[in-house]
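Trainee: Structure file my_file_18.pdb, PDB, C-alpha atoms, pLDDT in the B column, is pasted below:
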```
ATOM      1  CA  MET A   6       3.707  76.154  -6.909  1.00 40.00           C
ATOM      2  CA  GLU A   7       1.862  73.704  -4.684  1.00 57.00           C
ATOM      3  CA  SER A   8      -1.907  73.600  -4.814  1.00 79.00           C
ATOM      4  CA  LEU A   9      -4.114  74.844  -1.981  1.00 77.00           C
ATOM      5  CA  GLN A  10      -5.052  71.227  -1.226  1.00 79.00           C
ATOM      6  CA  GLU A  11      -1.373  70.246  -0.824  1.00 85.00           C
ATOM      7  CA  GLU A  12      -0.676  73.328   1.289  1.00 85.00           C
ATOM      8  CA  LEU A  13      -3.632  72.454   3.516  1.00 82.00           C
ATOM      9  CA  ASN A  14      -2.482  68.820   3.848  1.00 85.00           C
ATOM     10  CA  ASP A  15       1.024  70.009   4.802  1.00 88.00           C
ATOM     11  CA  ALA A  16      -0.392  72.402   7.402  1.00 88.00           C
ATOM     12  CA  LEU A  17      -2.601  69.683   8.904  1.00 87.00           C
ATOM     13  CA  SER A  18       0.345  67.279   8.975  1.00 89.00           C
ATOM     14  CA  ASN A  19       2.513  69.898  10.684  1.00 91.00           C
ATOM     15  CA  ARG A  20      -0.231  70.490  13.271  1.00 90.00           C
ATOM     16  CA  LYS A  21      -0.413  66.754  13.971  1.00 90.00           C
ATOM     17  CA  GLU A  22       3.378  66.571  14.470  1.00 93.00           C
ATOM     18  CA  ILE A  23       3.245  69.452  16.956  1.00 92.00           C
ATOM     19  CA  GLU A  24       0.353  67.767  18.827  1.00 91.00           C
ATOM     20  CA  SER A  25       2.481  64.623  19.075  1.00 92.00           C
ATOM     21  CA  LYS A  26       5.465  66.589  20.468  1.00 93.00           C
ATOM     22  CA  ILE A  27       3.218  68.347  23.003  1.00 92.00           C
ATOM     23  CA  SER A  28       1.839  64.992  24.096  1.00 91.00           C
ATOM     24  CA  GLU A  29       5.370  63.574  24.563  1.00 93.00           C
ATOM     25  CA  LEU A  30       6.448  66.607  26.598  1.00 92.00           C
ATOM     26  CA  ASN A  31       3.339  66.382  28.778  1.00 91.00           C
ATOM     27  CA  GLU A  32       4.201  62.719  29.409  1.00 92.00           C
ATOM     28  CA  ILE A  33       7.635  63.774  30.707  1.00 91.00           C
ATOM     29  CA  LEU A  34       5.998  66.165  33.173  1.00 90.00           C
ATOM     30  CA  LYS A  35       3.442  63.524  34.123  1.00 91.00           C
ATOM     31  CA  ALA A  36       6.209  60.934  34.711  1.00 91.00           C
ATOM     32  CA  ASN A  37       7.875  63.399  37.086  1.00 90.00           C
ATOM     33  CA  ASN A  38       4.494  64.097  38.743  1.00 90.00           C
ATOM     34  CA  ILE A  39       4.874  67.836  38.132  1.00 90.00           C
ATOM     35  CA  GLY A  40       3.058  70.558  36.219  1.00 88.00           C
ATOM     36  CA  MET A  41       4.168  73.712  34.461  1.00 88.00           C
ATOM     37  CA  ASN A  42       4.073  75.886  37.591  1.00 88.00           C
ATOM     38  CA  ASP A  43       5.241  73.566  40.376  1.00 89.00           C
ATOM     39  CA  GLU A  44       8.437  74.493  42.226  1.00 90.00           C
ATOM     40  CA  LEU A  45      11.699  72.857  41.173  1.00 89.00           C
ATOM     41  CA  VAL A  46      13.407  73.565  44.497  1.00 89.00           C
ATOM     42  CA  ASP A  47      12.585  72.390  48.017  1.00 89.00           C
ATOM     43  CA  LYS A  48      11.842  74.605  51.027  1.00 89.00           C
ATOM     44  CA  GLN A  49      15.558  75.106  51.664  1.00 91.00           C
ATOM     45  CA  GLY A  50      16.129  76.267  48.066  1.00 89.00           C
ATOM     46  CA  PHE A  51      17.892  73.120  46.867  1.00 91.00           C
ATOM     47  CA  PRO A  52      16.904  71.303  43.652  1.00 89.00           C
ATOM     48  CA  ARG A  53      14.232  68.721  44.395  1.00 89.00           C
ATOM     49  CA  ASN A  54      15.578  65.171  44.514  1.00 89.00           C
ATOM     50  CA  ASP A  55      12.254  63.497  43.678  1.00 90.00           C
ATOM     51  CA  ILE A  56      12.301  64.754  40.070  1.00 90.00           C
ATOM     52  CA  ASN A  57      14.738  65.048  37.193  1.00 90.00           C
ATOM     53  CA  VAL A  58      15.096  68.838  37.349  1.00 89.00           C
ATOM     54  CA  TYR A  59      17.045  69.109  34.088  1.00 91.00           C
ATOM     55  CA  GLU A  60      14.515  66.985  32.198  1.00 93.00           C
ATOM     56  CA  VAL A  61      11.566  68.948  33.645  1.00 91.00           C
ATOM     57  CA  ARG A  62      13.098  72.368  32.867  1.00 93.00           C
ATOM     58  CA  HIS A  63      13.914  71.282  29.328  1.00 93.00           C
ATOM     59  CA  ALA A  64      10.403  69.813  28.830  1.00 92.00           C
ATOM     60  CA  ARG A  65       8.750  72.985  30.142  1.00 92.00           C
ATOM     61  CA  ALA A  66      10.792  75.230  27.839  1.00 93.00           C
ATOM     62  CA  GLN A  67      10.080  72.989  24.834  1.00 94.00           C
ATOM     63  CA  LEU A  68       6.392  72.795  25.773  1.00 92.00           C
ATOM     64  CA  ILE A  69       6.052  76.583  25.752  1.00 92.00           C
ATOM     65  CA  LYS A  70       7.747  76.726  22.334  1.00 93.00           C
ATOM     66  CA  GLU A  71       5.574  73.935  20.921  1.00 92.00           C
ATOM     67  CA  GLN A  72       2.392  75.524  22.301  1.00 91.00           C
ATOM     68  CA  ASN A  73       3.276  78.795  20.586  1.00 92.00           C
ATOM     69  CA  ASP A  74       4.018  76.910  17.354  1.00 92.00           C
ATOM     70  CA  TYR A  75       0.697  75.094  17.763  1.00 91.00           C
ATOM     71  CA  LYS A  76      -1.228  78.371  17.956  1.00 90.00           C
ATOM     72  CA  LEU A  77       0.413  79.523  14.722  1.00 90.00           C
ATOM     73  CA  ALA A  78      -0.237  76.146  13.068  1.00 89.00           C
ATOM     74  CA  MET A  79      -3.910  76.245  14.092  1.00 89.00           C
ATOM     75  CA  LYS A  80      -4.282  79.773  12.707  1.00 87.00           C
ATOM     76  CA  LYS A  81      -2.670  78.701   9.422  1.00 88.00           C
ATOM     77  CA  CYS A  82      -4.978  75.658   9.177  1.00 84.00           C
ATOM     78  CA  GLU A  83      -7.996  77.837   9.903  1.00 84.00           C
ATOM     79  CA  ASP A  84      -7.000  80.395   7.253  1.00 83.00           C
ATOM     80  CA  LEU A  85      -6.329  77.683   4.660  1.00 83.00           C
ATOM     81  CA  LEU A  86      -9.608  75.892   5.422  1.00 80.00           C
ATOM     82  CA  ILE A  87     -11.556  79.130   4.986  1.00 77.00           C
ATOM     83  CA  LYS A  88      -9.714  79.810   1.724  1.00 76.00           C
ATOM     84  CA  TYR A  89     -10.255  76.231   0.535  1.00 74.00           C
ATOM     85  CA  HIS A  90     -13.971  76.221   1.318  1.00 69.00           C
ATOM     86  CA  SER A  91     -14.504  79.725  -0.036  1.00 65.00           C
ATOM     87  CA  GLN A  92     -13.334  78.403  -3.434  1.00 62.00           C
ATOM     88  CA  ASN A  93     -16.060  75.772  -3.280  1.00 54.00           C
ATOM     89  CA  LEU A  94     -18.677  78.185  -1.908  1.00 49.00           C
ATOM     90  CA  PRO A  95     -18.166  81.382  -3.888  1.00 44.00           C
ATOM     91  CA  GLU A  96     -21.283  83.021  -2.418  1.00 45.00           C
ATOM     92  CA  PHE A  97     -19.452  83.334   0.928  1.00 41.00           C
ATOM     93  CA  ALA A  98     -16.149  84.463  -0.562  1.00 40.00           C
ATOM     94  CA  ASP A  99     -17.546  87.815  -1.713  1.00 41.00           C
ATOM     95  CA  ARG A 100     -19.485  88.573   1.447  1.00 40.00           C
ATOM     96  CA  SER A 101     -17.963  90.407   4.366  1.00 40.00           C
ATOM     97  CA  GLU A 102     -20.211  88.649   6.892  1.00 42.00           C
ATOM     98  CA  ARG A 103     -20.236  84.970   7.697  1.00 46.00           C
ATOM     99  CA  PRO A 104     -23.363  82.854   7.882  1.00 48.00           C
ATOM    100  CA  SER A 105     -25.192  83.342  11.157  1.00 54.00           C
ATOM    101  CA  ILE A 106     -24.854  80.751  13.898  1.00 62.00           C
ATOM    102  CA  SER A 107     -28.082  79.182  15.111  1.00 64.00           C
ATOM    103  CA  VAL A 108     -28.442  79.415  18.871  1.00 65.00           C
ATOM    104  CA  LYS A 109     -30.874  77.257  20.842  1.00 65.00           C
ATOM    105  CA  SER A 110     -31.257  79.827  23.605  1.00 63.00           C
ATOM    106  CA  HIS A 111     -30.110  83.419  24.000  1.00 73.00           C
ATOM    107  CA  LYS A 112     -30.023  83.050  27.803  1.00 83.00           C
ATOM    108  CA  LYS A 113     -26.600  83.336  29.409  1.00 86.00           C
ATOM    109  CA  ILE A 114     -25.458  80.194  31.253  1.00 89.00           C
ATOM    110  CA  ALA A 115     -22.039  81.452  32.416  1.00 89.00           C
ATOM    111  CA  VAL A 116     -19.327  84.007  31.792  1.00 91.00           C
ATOM    112  CA  VAL A 117     -15.797  82.914  30.921  1.00 91.00           C
ATOM    113  CA  GLY A 118     -13.306  84.127  33.532  1.00 90.00           C
ATOM    114  CA  LYS A 119      -9.531  83.769  33.354  1.00 90.00           C
ATOM    115  CA  VAL A 120      -8.321  81.539  30.497  1.00 90.00           C
ATOM    116  CA  GLU A 121      -4.996  79.811  31.226  1.00 89.00           C
ATOM    117  CA  THR A 122      -2.190  79.908  28.665  1.00 87.00           C
ATOM    118  CA  GLY A 123      -1.819  76.604  26.819  1.00 87.00           C
ATOM    119  CA  SER A 124      -5.172  75.302  28.053  1.00 89.00           C
ATOM    120  CA  PRO A 125      -7.852  73.512  26.016  1.00 90.00           C
ATOM    121  CA  SER A 126     -10.006  76.651  26.348  1.00 90.00           C
ATOM    122  CA  GLU A 127      -7.290  78.871  24.902  1.00 90.00           C
ATOM    123  CA  TYR A 128      -6.691  76.461  21.999  1.00 87.00           C
ATOM    124  CA  ALA A 129     -10.427  76.426  21.295  1.00 88.00           C
ATOM    125  CA  GLY A 130     -10.433  80.236  21.092  1.00 89.00           C
ATOM    126  CA  LEU A 131     -12.335  81.194  24.259  1.00 91.00           C
ATOM    127  CA  ARG A 132     -11.536  84.554  25.830  1.00 90.00           C
ATOM    128  CA  GLU A 133     -12.132  86.100  29.216  1.00 91.00           C
ATOM    129  CA  GLY A 134     -15.476  87.919  29.183  1.00 92.00           C
ATOM    130  CA  ASP A 135     -17.151  85.634  26.630  1.00 92.00           C
ATOM    131  CA  ILE A 136     -20.809  85.059  27.520  1.00 90.00           C
ATOM    132  CA  LEU A 137     -21.493  81.327  27.370  1.00 90.00           C
ATOM    133  CA  LEU A 138     -24.807  80.469  25.665  1.00 90.00           C
ATOM    134  CA  GLU A 139     -24.303  76.756  24.892  1.00 90.00           C
ATOM    135  CA  PHE A 140     -21.943  74.128  26.261  1.00 90.00           C
ATOM    136  CA  GLY A 141     -22.543  70.828  24.494  1.00 88.00           C
ATOM    137  CA  LYS A 142     -26.175  69.935  25.176  1.00 90.00           C
ATOM    138  CA  ILE A 143     -26.485  72.532  27.960  1.00 89.00           C
ATOM    139  CA  ASN A 144     -28.171  75.842  27.139  1.00 89.00           C
ATOM    140  CA  GLY A 145     -30.162  78.546  28.916  1.00 85.00           C
ATOM    141  CA  ASP A 146     -33.445  76.644  28.575  1.00 87.00           C
ATOM    142  CA  ASN A 147     -32.350  73.325  30.115  1.00 89.00           C
ATOM    143  CA  MET A 148     -29.643  74.340  32.612  1.00 87.00           C
ATOM    144  CA  ARG A 149     -30.542  73.935  36.285  1.00 87.00           C
ATOM    145  CA  ASN A 150     -27.266  75.150  37.808  1.00 86.00           C
ATOM    146  CA  ILE A 151     -23.552  75.550  37.048  1.00 84.00           C
ATOM    147  CA  ASN A 152     -22.926  71.871  37.939  1.00 87.00           C
ATOM    148  CA  ASP A 153     -24.745  70.887  34.720  1.00 88.00           C
ATOM    149  CA  ILE A 154     -21.785  72.297  32.767  1.00 86.00           C
ATOM    150  CA  SER A 155     -19.361  70.276  34.887  1.00 87.00           C
ATOM    151  CA  GLU A 156     -21.355  67.074  34.295  1.00 90.00           C
ATOM    152  CA  GLU A 157     -21.491  67.724  30.529  1.00 89.00           C
ATOM    153  CA  MET A 158     -17.731  68.258  30.539  1.00 87.00           C
ATOM    154  CA  LYS A 159     -17.101  64.986  32.414  1.00 88.00           C
ATOM    155  CA  ARG A 160     -19.333  63.071  29.977  1.00 89.00           C
ATOM    156  CA  ASN A 161     -17.285  64.427  27.084  1.00 87.00           C
ATOM    157  CA  LEU A 162     -13.683  64.125  28.283  1.00 88.00           C
ATOM    158  CA  ASN A 163     -11.314  63.898  25.294  1.00 87.00           C
ATOM    159  CA  LEU A 164     -14.202  64.622  22.895  1.00 87.00           C
ATOM    160  CA  TYR A 165     -15.016  67.878  21.160  1.00 87.00           C
ATOM    161  CA  ILE A 166     -17.944  69.872  22.560  1.00 89.00           C
ATOM    162  CA  LYS A 167     -19.777  72.583  20.654  1.00 89.00           C
ATOM    163  CA  VAL A 168     -19.517  75.835  22.591  1.00 90.00           C
ATOM    164  CA  VAL A 169     -21.419  78.976  21.575  1.00 90.00           C
ATOM    165  CA  VAL A 170     -20.562  82.332  23.114  1.00 91.00           C
ATOM    166  CA  LYS A 171     -21.614  85.908  22.652  1.00 90.00           C
ATOM    167  CA  ARG A 172     -18.636  88.219  22.102  1.00 89.00           C
ATOM    168  CA  ASP A 173     -18.857  91.875  21.105  1.00 88.00           C
ATOM    169  CA  GLY A 174     -22.530  91.405  20.234  1.00 85.00           C
ATOM    170  CA  GLU A 175     -21.843  88.463  17.894  1.00 87.00           C
ATOM    171  CA  HIS A 176     -22.429  84.759  18.358  1.00 88.00           C
ATOM    172  CA  LYS A 177     -19.314  82.652  17.896  1.00 89.00           C
ATOM    173  CA  ARG A 178     -19.023  78.868  17.814  1.00 89.00           C
ATOM    174  CA  PHE A 179     -15.993  76.943  19.060  1.00 88.00           C
ATOM    175  CA  ASN A 180     -15.054  73.283  19.397  1.00 89.00           C
ATOM    176  CA  LEU A 181     -13.639  72.662  22.851  1.00 88.00           C
ATOM    177  CA  LYS A 182     -11.977  69.393  23.875  1.00 89.00           C
ATOM    178  CA  PRO A 183     -11.934  68.945  27.683  1.00 90.00           C
ATOM    179  CA  LYS A 184      -8.833  66.936  28.556  1.00 90.00           C
ATOM    180  CA  GLU A 185      -5.912  66.595  30.912  1.00 88.00           C
ATOM    181  CA  TRP A 186      -3.203  69.132  30.170  1.00 86.00           C
ATOM    182  CA  SER A 187      -0.231  70.562  32.065  1.00 85.00           C
ATOM    183  CA  GLY A 188      -2.437  72.865  34.176  1.00 84.00           C
ATOM    184  CA  ARG A 189      -5.451  72.504  36.450  1.00 85.00           C
ATOM    185  CA  GLY A 190      -8.821  71.106  35.461  1.00 86.00           C
ATOM    186  CA  TYR A 191      -9.933  69.859  32.081  1.00 88.00           C
ATOM    187  CA  LEU A 192     -10.828  73.230  30.544  1.00 90.00           C
ATOM    188  CA  GLY A 193      -8.176  75.617  31.864  1.00 88.00           C
ATOM    189  CA  CYS A 194     -10.628  78.439  32.375  1.00 89.00           C
ATOM    190  CA  VAL A 195     -12.961  79.743  35.059  1.00 87.00           C
ATOM    191  CA  LEU A 196     -16.703  79.689  34.359  1.00 86.00           C
ATOM    192  CA  ASN A 197     -18.598  82.172  36.503  1.00 86.00           C
ATOM    193  CA  PRO A 198     -22.363  81.721  36.966  1.00 81.00           C
TER     194      PRO A 198
END
```
Could you render the structure from this file as structure tokens?

Mentor:
Amino acid sequence: MESLQEELNDALSNRKEIESKISELNEILKANNIGMNDELVDKQGFPRNDINVYEVRHARAQLIKEQNDYKLAMKKCEDLLIKYHSQNLPEFADRSERPSISVKSHKKIAVVGKVETGSPSEYAGLREGDILLEFGKINGDNMRNINDISEEMKRNLNLYIKVVVKRDGEHKRFNLKPKEWSGRGYLGCVLNP
């Protein structure tokens, strides 16, 4: 039977392979200058001649499959990491609650609206209705307006940002990586003031 360390390494390797496949499929869509929801037919109902329709349809179908596999791979990695670290920190293994998350400010800076499927926000774990308390260096004490969040996002494109939300009365921390993906924007969610 393989050790927990080997199982974790395999899971992380599998996740990396899926990320690579997703990246390749996104490149196919990008090369055709099309997203996941753009029409494949023209106004008369004929297949568009400015794209490789077969290649795009195949890439979209594969992308959906890989994104679903990625969610499962991320969940497996998360579960294995918790199990791995709980062996090294036995005081947390026996407790039902997790250590509390320190929050710089309890003031709400935004509310998460619709979260798009396959978006960076969905992969990070954000959900519609989450109350945003921290977004990178932005919190309720230093935020002037909603544009501060946008500026923080632009400064951190393709980097992970610490995001703290309040959900069901609990504070939860996520690592969100704003980046280009097959949908709109860099986050794939709506932030309402």

Trainee: Can you translate the PyMOL selection byres ((chain A and resi 158-168) around 6) into the concrete residues it hits in this file, as an mmCIF file with C-alpha atoms, in the coordinates of the input?

Mentor:
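Generated file (result.cif):
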```cif
data_model
loop_
_atom_site.group_PDB
_atom_site.id
_atom_site.type_symbol
_atom_site.label_atom_id
_atom_site.label_comp_id
_atom_site.auth_asym_id
_atom_site.auth_seq_id
_atom_site.Cartn_x
_atom_site.Cartn_y
_atom_site.Cartn_z
ATOM 1 C CA GLU A 139 -24.303 76.756 24.892
ATOM 2 C CA PHE A 140 -21.943 74.128 26.261
ATOM 3 C CA GLY A 141 -22.543 70.828 24.494
ATOM 4 C CA SER A 155 -19.361 70.276 34.887
ATOM 5 C CA GLU A 156 -21.355 67.074 34.295
ATOM 6 C CA GLU A 157 -21.491 67.724 30.529
ATOM 7 C CA VAL A 169 -21.419 78.976 21.575
ATOM 8 C CA ARG A 178 -19.023 78.868 17.814
ATOM 9 C CA PHE A 179 -15.993 76.943 19.060
ATOM 10 C CA ASN A 180 -15.054 73.283 19.397
ATOM 11 C CA LEU A 181 -13.639 72.662 22.851
ATOM 12 C CA LYS A 182 -11.977 69.393 23.875
ATOM 13 C CA PRO A 183 -11.934 68.945 27.683
ATOM 14 C CA LYS A 184 -8.833 66.936 28.556
#
```

Trainee: Using only C-alpha atoms, tabulate the residues of segment 107-149 of chain A lying at most 12 Å from any atom of segment 36-57 of chain A, each with its closest atom pair and that distance in Å to one decimal, by chain and increasing residue number, as CSV.

Mentor:
```
residue,atom,partner,partner_atom,distance
A:Glu121,CA,A:Met41,CA,11.5
A:Thr122,CA,A:Met41,CA,10.6
A:Gly123,CA,A:Met41,CA,10.1
A:Ser124,CA,A:Met41,CA,11.4
```

Trainee: Starting from the shown file, work through the PyMOL selection byres ((chain A and resi 23) around 9) and note down what comes out as a list in words.

Mentor: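 Checked against the file, the PyMOL selection byres ((chain A and resi 23) around 9) matches Ser18, Asn19, Arg20, Lys21, Glu22, Glu24, Ser25, Lys26, Ile27, Ser28, Glu71, Gln72, Asp74, Tyr75 and Ala78 of chain A.
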
Trainee: So what does the PyMOL selection byres ((chain A and resi 194) around 10) actually pick up in this one, as a list of chain:residue names?

Mentor: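 Evaluating the PyMOL selection byres ((chain A and resi 194) around 10) on this file yields A:Val117, A:Gly118, A:Lys119, A:Val120, A:Glu121, A:Thr122, A:Ser124, A:Pro125, A:Ser126, A:Glu127, A:Leu131, A:Arg132, A:Glu133, A:Arg189, A:Gly190, A:Tyr191, A:Leu192, A:Gly193, A:Val195, A:Leu196, A:Asn197.
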
Trainee: Just the number, please: distance in Å from atom CA of Asp146 of chain A to atom CA of Ala129 of chain A, one decimal.

Mentor: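 Distance reported for this atom pair: 24.1 Å.
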
Trainee: Which residues, written as a compact mmCIF listing (two decimals) with C-alpha atoms, in the coordinates of the input, have at least one atom at most 12 Å from His63 of chain A, with all atoms listed in the file counted and residues fewer than 5 positions away on the same chain left out?

Mentor:
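Once written, selection-v2.txt looks like this:
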```
# COMPACT_ATOMS: atom_id res chain seq x y z
CA LEU A 30 6.45 66.61 26.60
CA ASN A 31 3.34 66.38 28.78
CA ILE A 33 7.64 63.77 30.71
CA LEU A 34 6.00 66.17 33.17
CA MET A 41 4.17 73.71 34.46
CA ASN A 57 14.74 65.05 37.19
CA VAL A 58 15.10 68.84 37.35
CA LEU A 68 6.39 72.80 25.77
CA ILE A 69 6.05 76.58 25.75
CA LYS A 70 7.75 76.73 22.33
```

Trainee: Just to confirm, what's the straight-line distance from atom CA of Val61 of chain A to atom CA of Gly130 of chain A in Å (one decimal)?

Mentor: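 If I compute the distance from atom CA of Val61 of chain A to atom CA of Gly130 of chain A, I get 27.7 Å.
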
Trainee: Choose the residue, out of A:Cys82, A:Val116, A:Ile151, A:Arg62, that has the smallest atom-to-atom separation from Lys171 of chain A; count only C-alpha atoms.

Mentor: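 For Lys171 of chain A, the nearest of the candidates is A:Val116.
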
Trainee: So the first atom is atom CA of Asp153 of chain A and the second is atom CA of Leu137 of chain A; what is the distance between them in Å, to one decimal place?

Mentor: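 Going from atom CA of Asp153 of chain A over to atom CA of Leu137 of chain A, I get 13.2 Å.
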
Trainee: Taking only C-alpha atoms into account, name the residue in A:Leu85, A:Lys35, A:Gln67, A:Glu185 that is nearest to Asn14 of chain A.

Mentor: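 Closest residue, counting only C-alpha atoms: A:Leu85.
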
Trainee: As JSON, please report the centre and edge lengths, rounded to one decimal in Å, of the axis-aligned box that holds all listed atoms of segment 177-193 of chain A with 4 Å of padding on each of the six sides.

Mentor:
```
{"center_x": -9.8, "center_y": 74.6, "center_z": 27.1, "size_x": 27.1, "size_y": 24.1, "size_z": 26.6}
```
